[in-house]
Structures are given as C-alpha cells and as structure tokens.
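Containing mmCIF, C-alpha atoms: input.cif.
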data_coords
loop_
_atom_site.label_atom_id
_atom_site.label_comp_id
_atom_site.auth_asym_id
_atom_site.auth_seq_id
_atom_site.Cartn_x
_atom_site.Cartn_y
_atom_site.Cartn_z
CA MET K 1320 130.58 102.11 128.41
CA LYS K 1321 126.90 102.02 127.49
CA LEU K 1322 127.60 99.72 124.54
CA LYS K 1323 129.59 97.32 126.73
CA PHE K 1324 126.66 97.13 129.12
CA ILE K 1325 124.16 96.46 126.31
CA ALA K 1326 126.36 93.81 124.68
CA THR K 1327 127.03 92.10 128.01
CA PHE K 1328 123.35 92.24 128.92
CA SER K 1329 122.45 90.70 125.52
CA LEU K 1330 124.94 87.87 126.06
CA ILE K 1331 123.66 87.13 129.55
CA LEU K 1332 120.04 87.24 128.37
CA ASN K 1333 120.82 84.85 125.51
CA LEU K 1334 122.61 82.41 127.83
CA VAL K 1335 119.77 82.51 130.37
CA MET K 1336 117.25 81.89 127.60
CA LEU K 1337 119.31 78.98 126.30
CA CYS K 1338 119.71 77.32 129.69
CA SER K 1339 116.21 77.83 131.11
CA PRO K 1340 113.62 75.08 130.73
CA THR K 1341 110.67 76.80 129.09
CA SER K 1342 107.64 75.25 127.52
CA CYS K 1343 108.25 76.92 124.14
CA LEU K 1344 111.65 75.24 123.85
CA ALA K 1345 110.62 71.87 125.18
CA GLN K 1346 110.61 69.27 122.45
CA GLU K 1347 109.49 65.68 122.41
CA ARG K 1348 112.40 63.30 122.96
CA ARG K 1349 112.19 61.89 119.44
CA ARG K 1350 112.36 65.39 117.89
CA SER K 1351 115.31 66.53 119.96
CA GLN K 1352 117.57 63.85 118.50
CA SER K 1353 118.78 63.27 114.99
CA ALA K 1354 118.71 59.93 113.19
CA THR K 1355 122.11 59.11 114.71
CA GLY K 1356 120.84 59.57 118.28
CA VAL K 1357 122.75 62.84 118.78
CA SER K 1358 120.83 65.79 120.25
CA ASN K 1359 119.62 68.39 117.75
CA GLN K 1360 120.14 71.23 120.24
CA TYR K 1361 123.36 72.78 121.43
CA ILE K 1362 125.07 75.88 122.75
CA GLY K 1363 128.54 76.73 121.50
CA ALA K 1364 131.39 79.17 121.17
CA GLY K 1365 133.84 79.76 118.40
CA ILE K 1366 136.02 82.09 116.44
CA THR K 1367 134.97 84.31 113.57
CA THR K 1368 136.96 85.90 110.80
CA SER K 1369 137.32 88.98 113.01
CA GLY K 1370 136.60 88.01 116.62
CA LEU K 1371 134.63 85.62 118.82
CA ALA K 1372 131.10 84.21 118.75
CA ALA K 1373 128.54 82.56 121.01
CA TYR K 1374 125.84 80.61 119.19
CA SER K 1375 123.18 77.98 119.71
CA LYS K 1376 120.65 75.78 117.95
CA PHE K 1377 117.09 75.00 119.02
CA ALA K 1378 115.23 72.40 116.98
CA LEU K 1379 111.69 73.66 116.36
CA SER K 1380 110.76 70.61 114.27
CA ASP K 1381 112.52 67.90 112.30
CA GLN K 1382 113.43 70.38 109.52
CA PHE K 1383 113.47 73.86 111.12
CA SER K 1384 115.71 75.36 113.80
CA LEU K 1385 116.29 78.69 115.48
CA ARG K 1386 120.02 79.56 115.65
CA PRO K 1387 120.70 82.75 117.70
CA GLN K 1388 124.24 84.11 117.48
CA ILE K 1389 126.21 86.87 119.17
CA LEU K 1390 129.29 87.95 117.23
CA PHE K 1391 131.97 90.01 118.95
CA ASP K 1392 133.71 91.53 115.94
CA ASP K 1393 135.83 94.03 117.79
CA LEU K 1394 137.09 93.46 121.32
CA SER K 1395 138.61 96.92 121.64
CA GLU K 1396 137.25 99.61 123.93
CA ASP K 1397 134.16 100.29 121.80
CA PHE K 1398 133.15 96.60 122.06
CA ASN K 1399 131.26 96.28 118.80
CA GLY K 1400 129.06 93.26 118.32
CA VAL K 1401 126.26 91.84 116.26
CA VAL K 1402 123.23 89.85 117.42
CA VAL K 1403 121.51 87.72 114.76
CA VAL K 1404 118.60 85.30 115.00
CA PRO K 1405 118.10 83.22 111.84
CA LEU K 1406 115.45 80.59 111.22
CA THR K 1407 117.09 77.73 109.34
CA TYR K 1408 115.96 74.83 107.20
CA ASP K 1409 117.94 71.74 108.22
CA PHE K 1410 118.58 69.38 105.32
CA ASP K 1411 118.72 65.62 105.72
CA SER K 1412 122.04 64.25 106.95
CA LEU K 1413 124.85 63.67 104.50
CA GLY K 1414 126.24 60.42 105.77
CA GLU K 1415 125.99 59.77 109.48
CA ARG K 1416 127.46 62.95 110.91
CA ILE K 1417 127.10 65.94 108.56
CA GLU K 1418 123.94 68.06 108.61
CA PRO K 1419 123.83 71.14 106.31
CA PHE K 1420 121.47 74.07 106.86
CA VAL K 1421 120.42 77.34 105.23
CA GLY K 1422 118.39 80.19 106.69
CA ILE K 1423 117.32 83.79 106.91
CA GLY K 1424 116.74 86.08 109.85
CA GLY K 1425 117.24 89.47 111.37
CA GLY K 1426 120.06 91.09 113.22
CA SER K 1427 121.25 94.22 114.94
CA GLN K 1428 124.61 95.88 115.57
CA THR K 1429 125.40 97.14 119.06
CA ARG K 1430 127.52 100.01 117.75
CA ASN K 1431 124.77 102.02 116.05
CA PHE K 1432 121.76 99.73 116.49
CA ASP K 1433 121.32 99.10 112.77
CA VAL K 1434 118.71 96.45 112.11
CA GLY K 1435 118.83 94.41 108.96
CA LEU K 1436 118.44 91.16 107.11
CA GLU K 1437 120.84 88.28 107.56
CA PHE K 1438 121.42 85.14 105.47
CA THR K 1439 123.18 82.09 106.90
CA THR K 1440 124.34 78.69 105.78
CA GLY K 1441 126.61 76.06 107.27
CA LEU K 1442 127.27 72.53 108.45
CA ASP K 1443 126.96 70.71 111.75
CA TYR K 1444 129.37 67.82 112.23
CA SER K 1445 128.57 65.44 115.10
CA LEU K 1446 131.79 64.61 116.93
CA SER K 1447 130.09 62.57 119.65
CA LYS K 1448 126.82 62.42 121.56
CA ARG K 1449 127.91 65.48 123.55
CA PHE K 1450 129.79 67.67 121.05
CA THR K 1451 129.08 69.13 117.61
CA ALA K 1452 131.55 71.05 115.47
CA THR K 1453 129.90 73.83 113.47
CA GLY K 1454 130.87 75.95 110.52
CA ILE K 1455 128.58 78.93 109.78
CA PHE K 1456 128.77 81.47 106.96
CA ASN K 1457 126.78 84.71 107.46
CA ILE K 1458 125.95 87.58 105.13
CA GLN K 1459 124.60 90.57 107.05
CA LEU K 1460 122.78 93.29 105.14
CA PHE K 1461 123.03 96.22 107.54
CA ASP K 1462 124.19 99.79 106.89
CA ASP K 1463 127.68 98.46 106.19
CA ASN K 1464 127.20 94.96 104.76
CA ASP K 1465 129.35 92.29 106.37
CA ILE K 1466 130.34 88.73 105.55
CA ASN K 1467 131.81 86.48 108.21
CA ALA K 1468 132.43 82.84 109.04
CA ILE K 1469 132.20 81.11 112.40
CA PHE K 1470 134.02 77.92 113.35
CA GLY K 1471 133.21 76.51 116.75
CA LEU K 1472 132.34 73.70 119.10
CA GLY K 1473 128.89 73.16 120.59
CA PHE K 1474 127.76 71.22 123.65
CA ASN K 1475 124.65 69.12 122.92
CA PHE K 1476 121.83 69.08 125.44
#

Write out the structure in this file as structure tokens.
Amino acid sequence: MKLKFIATFSLILNLVMLCSPTSCLAQERRRSQSATGVSNQYIGAGITTSGLAAYSKFALSDQFSLRPQILFDDLSEDFNGVVVVPLTYDFDSLGERIEPFVGIGGGSQTRNFDVGLEFTTGLDYSLSKRFTATGIFNIQLFDDNDINAIFGLGFNF
C-alpha cells in the first residue's frame, strides 16, 4: 500500500510539474520550436516491454533536453515502478521529422528505492504540430540491471 501511494504521488507530482507554468521551464518562442515549426516540448504516454510509461520532454536549449519518465513495470499488487530523469543531447533533425537523441541521468525504483545510473537513446518523429511519436531505449544500472523500450505518443505544447 505504501509503495502504491509513493508511485501515485510521484506520478501526480510529475504531471503537476509538467503542466505548471514556471519560470525555469519557460523558453523563448524560437527555442521551443524545431526547424519544422513543431514544438520541442511534449508530455506523452506509451507502452514498455513490460508495462506502461508516462514521459515528457522539456527543451533546455537548442541541443539539450530534460526527459523525465515514470515506468510502471509491474501493475500487480506490489505496483513496482521506476522514475528516471535523463539529460539528453538532441541531434540535428534527420530529414524533416526525425530527431534522434542520446542521454544519461539518474533513476530510482519504487520497490526498494535503489538509486542508479541510467542511459537512454531514442527518436522523436513529428506526426503533426500537435503530436510526436517517440521510441526510447533505456539501460538502467540499478541493483538488478534492466533494459527496456518505450513506444508512445506525445502531445506537443
């Protein structure tokens, strides 16, 4: 029960942080859009190799982004999850719609509160001005190392 509360609280806190207008997340209009005119910031949901995920992207500059993720690996009664916050380097667009990225960050498991290093890479594919499809590949170096993939859809803001 305590783990469900912590995981739910983490999800709500992440969503509030994503949706609140704060000065540290405010970007100039020209920096919050890619060369194609599509927003560089989104919040999304998707499926992982073993569960569900909520993720987002905040453009810190033209080349760097913060991409917090909450992975729900086990939706059984123990409600295990992982929270990761990588800082990514966003490469120049491949064509008009594909933007690859690579990054490193930290993470924690809700089951036993392991903290560890996390590596991430992936692609953003702009579907329209409002939606971005994302594929993310994570390697988590916690007590029990984990590799997972996320495929999802983000809403650009």

List every residue of stretch 1387-1430 of chain K that has an atom at most 10 Å from any atom of stretch 1366-1376 of chain K, giving for each one its closest atom pair and the distance in Å to one decimal, counting all atoms listed in the file, sorted by chain and then by ascending residue number, as a tab-separated table.
residue	atom	partner	partner_atom	distance
K:Pro1387	CA	K:Ser1375	CA	5.7
K:Gln1388	CA	K:Tyr1374	CA	4.2
K:Ile1389	CA	K:Ala1373	CA	5.2
K:Leu1390	CA	K:Ala1372	CA	4.4
K:Phe1391	CA	K:Leu1371	CA	5.1
K:Asp1392	CA	K:Gly1370	CA	4.6
K:Asp1393	CA	K:Gly1370	CA	6.2
K:Leu1394	CA	K:Gly1370	CA	7.2
K:Gly1400	CA	K:Ala1372	CA	9.3
K:Val1401	CA	K:Ala1372	CA	9.4
K:Val1402	CA	K:Ala1373	CA	9.7
K:Val1403	CA	K:Tyr1374	CA	9.4
K:Val1404	CA	K:Tyr1374	CA	9.6
K:Pro1405	CA	K:Lys1376	CA	10.0
K:Leu1406	CA	K:Lys1376	CA	9.8
K:Thr1407	CA	K:Lys1376	CA	9.5

Check: Of the residues K:Arg1430, K:Gly1424, K:Pro1419, K:Arg1449, which is the one nearest to K:Gln1382, using all atoms listed in the file?
Finding: K:Pro1419

Next item on the list: Identify, on the basis of all atoms listed in the file, every residue whose closest approach to K:Asn1475 does not exceed 10 Å; exclude the query and any residue fewer than 4 positions from it along the same chain; express the result as a list in words.
Entry: Gln1352, Val1357, Ser1358, Asn1359, Gln1360, Tyr1361, Ile1362, Gly1363, Ser1375, Lys1376, Ser1445, Ser1447, Lys1448, Arg1449, Phe1450 and Thr1451 of chain K

Next item on the list: Report as a PyMOL selection string the full result of the PyMOL selection byres ((chain K and resi 1458) around 9) when it is applied to this structure.
Entry: chain K and resi 1436-1439+1456-1457+1459-1460+1464-1468

Mind working out the centre and edge lengths of an axis-aligned box for stretch 1428-1443 of chain K, all listed atoms inside, 8 Å added to each side, rounded to one decimal in Å and written as AutoDock Vina command-line options?
--center_x 123.0 --center_y 86.4 --center_z 112.3 --size_x 25.1 --size_y 47.3 --size_z 29.6
